[in-house]
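Here's the structure we're looking at; comments come further down.
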Amino acid sequence: MNIKEYIDSGIVEYVVLGLAKPQDRAEFEQLCITYPELVQAREAFEAKLEDFYIQQTSTIVLPAELRLRFTEAMENSSINQTPTKVFAMENSNRPRRTNWLAVASVILLIACAYFAYQFYSQNETLKKANAELQQKADSTDAILQQIIAEQKVFKDSNVTVVSMEGTKVAPRSSANVYWDSTNSSVFLVVKNMPKLPSDQQYQLWALIDGKPKDLGVFDSEQEKLILKMKGTQKAEAFAITIEKKGGNPSPTLEKMQSLGKTKAPL
Amino acid sequence: MPTTKTYTEQQLVSLLKTRDNQAFGYLYDHYSGALYTIIVQILSDVELANDVLQEVFINIWRKIDSYDHNKGRLFTWMLNIARNASIDTLRSKTYQNDRKNQPMPGMVDEPMMPGQASHLNIDNIGFRKVLSQLKDDQRILIDLAYFKGYTHEEIATIQQIPLGTVKTRIRNALIQLREFLK
């Protein structure tokens, strides 16, 4: 093939300007591989054409809005079903965002867990403190109610106060018995009773028609100011004896510590 | 706004293939005027040319991977995209309908588009300017082939001249064009 003749046929211009038929174009491209002078001719015409266009159009100023539209379209290119490489660009942003979100949510989770634990333990502490306070209030209230009840004994006009004097065996022993004959209640206030061995206790007796009636046992040292004893409807006198721990069915009279007579039946 | 940085064609192409936004900005600033010129010269409608230019750059952005530098320069590739898009628009139904009620210049009598892009004054630049140096019978044929996208066979029918004559005239015209550009 005479390549110079081929070039002179105008094929270069046909191809470059896009006027060549597909088969002519394919033949041209094939020949370019073999003939470097064909490539040279093509490149020379292309360069001239480009220079000519650029030179003549360099003063054309297009509306800035057009460039902006193109830039925006490029940036939103994912909508325009662009090829895979565009997705690669997007991906370079995505993991960073995901990481940031993951880190943020982990921090949030930890913070939530911390506060939840704080509130829980604070609540538990408060509940415990509250329960303790309630318990204290309850026992204080019980004590107060008891004191009020005991107080009534002293005030009550139906109550007979029997002063228990020490006997010869125990001259310093003294106690008061408060006896309400209307409801048979018997209360004892220990003033001074000598301490006993641990296997012994004092026992209070009511004497009815000369016979002793057990009204219960007590110790020399009392937490309570007033002891509620067993009740009795009748009593000519009250007596305190020393008995074995837990008391005896009948008094050991030689160990009688104190005796007090009620006024009424005398 | 225009980028001041310059690239060699090789650098530019490899950056464009990575979808580098700055490189595309440079491409736009450097070539939009030339591509706009050919679009307006084909469509002779400035507003429509704006849309087609937009479409052309989007197509360049999308198709850049298919560009093969062994087959020609980047500008040649882009110029052909612009020319093809413009001719497609020229032939589209909507364009034809829009034109129906307007005085349409006869293909034969007035192959040069009247009043095209008058406010941009780009009637006679680029390839069109070179065309003006041709003899009338050559210029008409190149205009039909290049700016209207007719095949040689179509031109032969329109011009009522033998196909062989069409081929000879166009070839001679192109060879002259090469000389004018030198």
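Ordered as shown in the structure tokens, chains take letters A, B, and onward, while each chain numbers its residues from 1 and ligands are numbered from 1 in the order shown.
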message: Using only C-alpha atoms and a distance of at most 6 Å, pull out the residues of chain B that contact chain A, as a count of residues only.
response: 6
- prompt: Can you list, as number ranges by chain, every residue of segment 129-233 of chain A that DSSP puts in strand (DSSP E or B)?
  reply: A: 159-166, 174-180, 185-192, 200-208, 211-218, 227-229
Now that the selection is made, can you save its residues with C-alpha atoms as an mmCIF file, in the first residue's frame?
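Saved as result.cif:
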data_model
loop_
_atom_site.group_PDB
_atom_site.id
_atom_site.type_symbol
_atom_site.label_atom_id
_atom_site.label_comp_id
_atom_site.auth_asym_id
_atom_site.auth_seq_id
_atom_site.Cartn_x
_atom_site.Cartn_y
_atom_site.Cartn_z
ATOM 1 C CA VAL A 159 -55.008 3.341 140.068
ATOM 2 C CA THR A 160 -53.968 2.561 143.620
ATOM 3 C CA VAL A 161 -50.298 3.191 144.346
ATOM 4 C CA VAL A 162 -48.848 0.707 146.806
ATOM 5 C CA SER A 163 -45.445 1.580 148.193
ATOM 6 C CA MET A 164 -43.446 -1.550 148.898
ATOM 7 C CA GLU A 165 -41.263 -1.102 151.983
ATOM 8 C CA GLY A 166 -38.145 -3.140 152.606
ATOM 9 C CA SER A 174 -38.117 -0.572 147.542
ATOM 10 C CA ALA A 175 -40.611 -0.607 144.711
ATOM 11 C CA ASN A 176 -44.038 0.738 143.832
ATOM 12 C CA VAL A 177 -46.976 -1.266 142.638
ATOM 13 C CA TYR A 178 -49.640 0.491 140.594
ATOM 14 C CA TRP A 179 -52.834 -1.461 140.730
ATOM 15 C CA ASP A 180 -55.907 -0.672 138.728
ATOM 16 C CA SER A 185 -53.898 -4.335 135.736
ATOM 17 C CA VAL A 186 -50.775 -4.450 137.879
ATOM 18 C CA PHE A 187 -47.674 -2.387 137.093
ATOM 19 C CA LEU A 188 -44.415 -2.409 138.997
ATOM 20 C CA VAL A 189 -41.834 0.374 139.246
ATOM 21 C CA VAL A 190 -38.543 -0.867 140.645
ATOM 22 C CA LYS A 191 -36.876 1.816 142.743
ATOM 23 C CA ASN A 192 -34.060 -0.075 144.371
ATOM 24 C CA GLN A 200 -32.423 -16.150 140.913
ATOM 25 C CA GLN A 201 -35.200 -13.662 140.190
ATOM 26 C CA TYR A 202 -37.603 -11.533 142.186
ATOM 27 C CA GLN A 203 -41.226 -12.632 142.190
ATOM 28 C CA LEU A 204 -44.255 -10.450 142.847
ATOM 29 C CA TRP A 205 -47.189 -11.804 144.736
ATOM 30 C CA ALA A 206 -50.656 -10.602 145.492
ATOM 31 C CA LEU A 207 -52.082 -11.672 148.861
ATOM 32 C CA ILE A 208 -55.759 -12.464 148.581
ATOM 33 C CA LYS A 211 -53.125 -16.660 150.100
ATOM 34 C CA PRO A 212 -50.370 -15.661 147.637
ATOM 35 C CA LYS A 213 -51.098 -15.259 143.934
ATOM 36 C CA ASP A 214 -48.209 -15.246 141.426
ATOM 37 C CA LEU A 215 -47.984 -11.982 139.506
ATOM 38 C CA GLY A 216 -44.774 -12.776 137.606
ATOM 39 C CA VAL A 217 -41.014 -12.490 137.939
ATOM 40 C CA PHE A 218 -38.619 -9.605 137.350
ATOM 41 C CA LEU A 227 -43.208 -3.415 134.256
ATOM 42 C CA LYS A 228 -46.594 -4.775 133.390
ATOM 43 C CA MET A 229 -47.224 -7.754 135.685
#
field: Which residue of A:Gln222, A:Pro194, A:Ser181, A:Lys168 approaches Glu254 of chain A most closely, using only C-alpha atoms
entry: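 Between A:Gln222, A:Pro194, A:Ser181, A:Lys168, the residue approaching Glu254 of chain A most closely is A:Lys168.
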query: Using only C-alpha atoms, which residues sit within 12 Å of Ile64 of chain B once same-chain residues fewer than 5 positions away are excluded, as number ranges by chain?
result: A: 82-83, 85-86; B: 12-20, 24, 27, 56-59, 69, 74, 77-78, 81
message: Going by DSSP on the backbone, which residues of segment 12-224 of chain A come out as helix (DSSP H, G or I)? List them as a ChimeraX atom specification.
response: /A:12-16,22-34,36-57,64-75,84-155
Restricted to C-alpha atoms, what would the selected residues look like written as a short mmCIF file (atom, residue, chain, number, x, y, z; two decimals), in the first residue's frame?
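Result file is again.cif:
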data_model
loop_
_atom_site.label_atom_id
_atom_site.label_comp_id
_atom_site.auth_asym_id
_atom_site.auth_seq_id
_atom_site.Cartn_x
_atom_site.Cartn_y
_atom_site.Cartn_z
CA VAL A 12 -7.06 11.65 7.99
CA GLU A 13 -9.54 14.55 7.92
CA TYR A 14 -12.49 12.22 7.41
CA VAL A 15 -11.53 10.23 10.48
CA VAL A 16 -10.61 13.16 12.73
CA PRO A 22 -17.23 2.85 10.52
CA GLN A 23 -15.46 0.41 8.19
CA ASP A 24 -13.14 3.13 6.82
CA ARG A 25 -12.39 4.22 10.34
CA ALA A 26 -11.58 0.67 11.43
CA GLU A 27 -9.25 0.25 8.44
CA PHE A 28 -7.56 3.57 9.31
CA GLU A 29 -6.97 2.51 12.91
CA GLN A 30 -5.59 -0.80 11.76
CA LEU A 31 -3.16 0.89 9.36
CA CYS A 32 -2.02 3.29 12.09
CA ILE A 33 -0.49 0.31 13.91
CA THR A 34 1.67 -0.49 10.87
CA PRO A 36 3.82 5.55 12.00
CA GLU A 37 3.68 8.24 9.32
CA LEU A 38 -0.11 7.80 9.24
CA VAL A 39 -0.21 8.42 12.99
CA GLN A 40 2.03 11.46 12.49
CA ALA A 41 -0.30 12.87 9.83
CA ARG A 42 -3.31 12.32 12.06
CA GLU A 43 -1.63 13.90 15.10
CA ALA A 44 -0.52 16.88 13.05
CA PHE A 45 -4.06 17.56 11.82
CA GLU A 46 -5.57 17.05 15.27
CA ALA A 47 -3.07 19.44 16.86
CA LYS A 48 -3.77 22.07 14.20
CA LEU A 49 -7.52 21.70 14.61
CA GLU A 50 -7.30 21.97 18.39
CA ASP A 51 -4.96 24.97 18.31
CA PHE A 52 -7.22 26.64 15.81
CA TYR A 53 -10.33 26.11 17.94
CA ILE A 54 -8.71 27.06 21.24
CA GLN A 55 -7.11 30.14 19.76
CA GLN A 56 -10.35 31.37 18.23
CA THR A 57 -12.65 30.55 21.14
CA ALA A 64 -21.00 31.06 35.17
CA GLU A 65 -24.27 29.29 35.87
CA LEU A 66 -23.42 26.69 33.21
CA ARG A 67 -20.16 25.78 34.91
CA LEU A 68 -21.95 25.58 38.24
CA ARG A 69 -24.54 23.23 36.76
CA PHE A 70 -21.78 20.97 35.49
CA THR A 71 -19.93 21.02 38.81
CA GLU A 72 -23.12 20.16 40.66
CA ALA A 73 -23.89 17.39 38.21
CA MET A 74 -20.40 15.97 38.77
CA GLU A 75 -20.87 16.06 42.52
CA THR A 84 -18.03 1.90 39.08
CA LYS A 85 -15.20 4.35 39.71
CA VAL A 86 -17.63 6.93 41.00
CA PHE A 87 -18.78 4.48 43.59
CA ALA A 88 -15.17 4.06 44.62
CA MET A 89 -15.06 7.81 45.31
CA GLU A 90 -18.17 7.57 47.41
CA ASN A 91 -16.80 4.62 49.31
CA SER A 92 -13.76 6.63 50.37
CA ASN A 93 -16.15 8.84 52.33
CA ARG A 94 -18.50 6.21 53.61
CA PRO A 95 -16.29 4.17 55.99
CA ARG A 96 -15.18 7.34 57.75
CA ARG A 97 -18.80 8.28 58.39
CA THR A 98 -19.62 4.75 59.53
CA ASN A 99 -16.65 4.70 61.91
CA TRP A 100 -17.62 8.03 63.34
CA LEU A 101 -21.17 6.84 63.89
CA ALA A 102 -19.99 3.60 65.45
CA VAL A 103 -17.65 5.44 67.82
CA ALA A 104 -20.39 7.92 68.74
CA SER A 105 -22.93 5.20 69.46
CA VAL A 106 -20.47 3.20 71.57
CA ILE A 107 -19.68 6.32 73.61
CA LEU A 108 -23.39 7.00 73.99
CA LEU A 109 -24.03 3.42 75.04
CA ILE A 110 -21.28 3.54 77.68
CA ALA A 111 -22.57 6.87 78.96
CA CYS A 112 -26.11 5.49 79.18
CA ALA A 113 -24.94 2.37 81.00
CA TYR A 114 -22.88 4.47 83.43
CA PHE A 115 -25.80 6.79 84.25
CA ALA A 116 -28.22 3.87 84.50
CA TYR A 117 -25.89 2.19 86.99
CA GLN A 118 -25.45 5.45 88.89
CA PHE A 119 -29.19 5.97 89.17
CA TYR A 120 -29.74 2.33 90.11
CA SER A 121 -27.18 2.29 92.93
CA GLN A 122 -28.28 5.72 94.15
CA ASN A 123 -31.84 4.45 94.22
CA GLU A 124 -30.80 1.33 96.10
CA THR A 125 -28.90 3.40 98.70
CA LEU A 126 -31.88 5.69 99.14
CA LYS A 127 -34.26 2.74 99.45
CA LYS A 128 -32.04 1.19 102.12
CA ALA A 129 -31.69 4.48 104.00
CA ASN A 130 -35.41 4.99 103.74
CA ALA A 131 -36.12 1.51 105.12
CA GLU A 132 -33.74 2.13 108.04
CA LEU A 133 -35.45 5.43 108.78
CA GLN A 134 -38.85 3.76 108.61
CA GLN A 135 -37.68 1.07 111.02
CA LYS A 136 -36.32 3.68 113.42
CA ALA A 137 -39.50 5.71 113.16
CA ASP A 138 -41.56 2.57 113.82
CA SER A 139 -39.61 1.59 116.93
CA THR A 140 -39.54 5.18 118.17
CA ASP A 141 -43.28 5.33 117.67
CA ALA A 142 -43.73 2.03 119.55
CA ILE A 143 -41.60 3.30 122.42
CA LEU A 144 -43.52 6.55 122.49
CA GLN A 145 -46.85 4.72 122.48
CA GLN A 146 -45.58 2.57 125.34
CA ILE A 147 -44.44 5.62 127.31
CA ILE A 148 -47.79 7.28 126.73
CA ALA A 149 -49.54 4.11 127.92
CA GLU A 150 -47.29 3.96 131.00
CA GLN A 151 -47.88 7.62 131.69
CA LYS A 152 -51.62 6.97 131.86
CA VAL A 153 -50.99 4.60 134.75
CA PHE A 154 -49.66 7.44 136.88
CA LYS A 155 -52.43 9.80 135.93
#
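Each of B:Leu35, B:Ala173, B:Val166, B:Ile60 was compared to Lys135 of chain B using only C-alpha atoms, and B:Ala173 turns out to be the nearest.
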- line: note - atom CA of Ser184 of chain A and atom CA of Ser220 of chain A are separated by 24.0 Å
task: Could you check how far atom CA of Ile242 of chain A sits from atom CA of Thr182 of chain A, in Å to one decimal?
output: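 A separation of 28.8 Å between them.
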message: Please determine, counting only C-alpha atoms, which residue among B:Arg73, B:Lys63, B:Arg83, B:His30 has the shortest atom-to-atom distance to Phe127 of chain B.
response: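 Closest to Phe127 of chain B, using only C-alpha atoms: B:Arg83.
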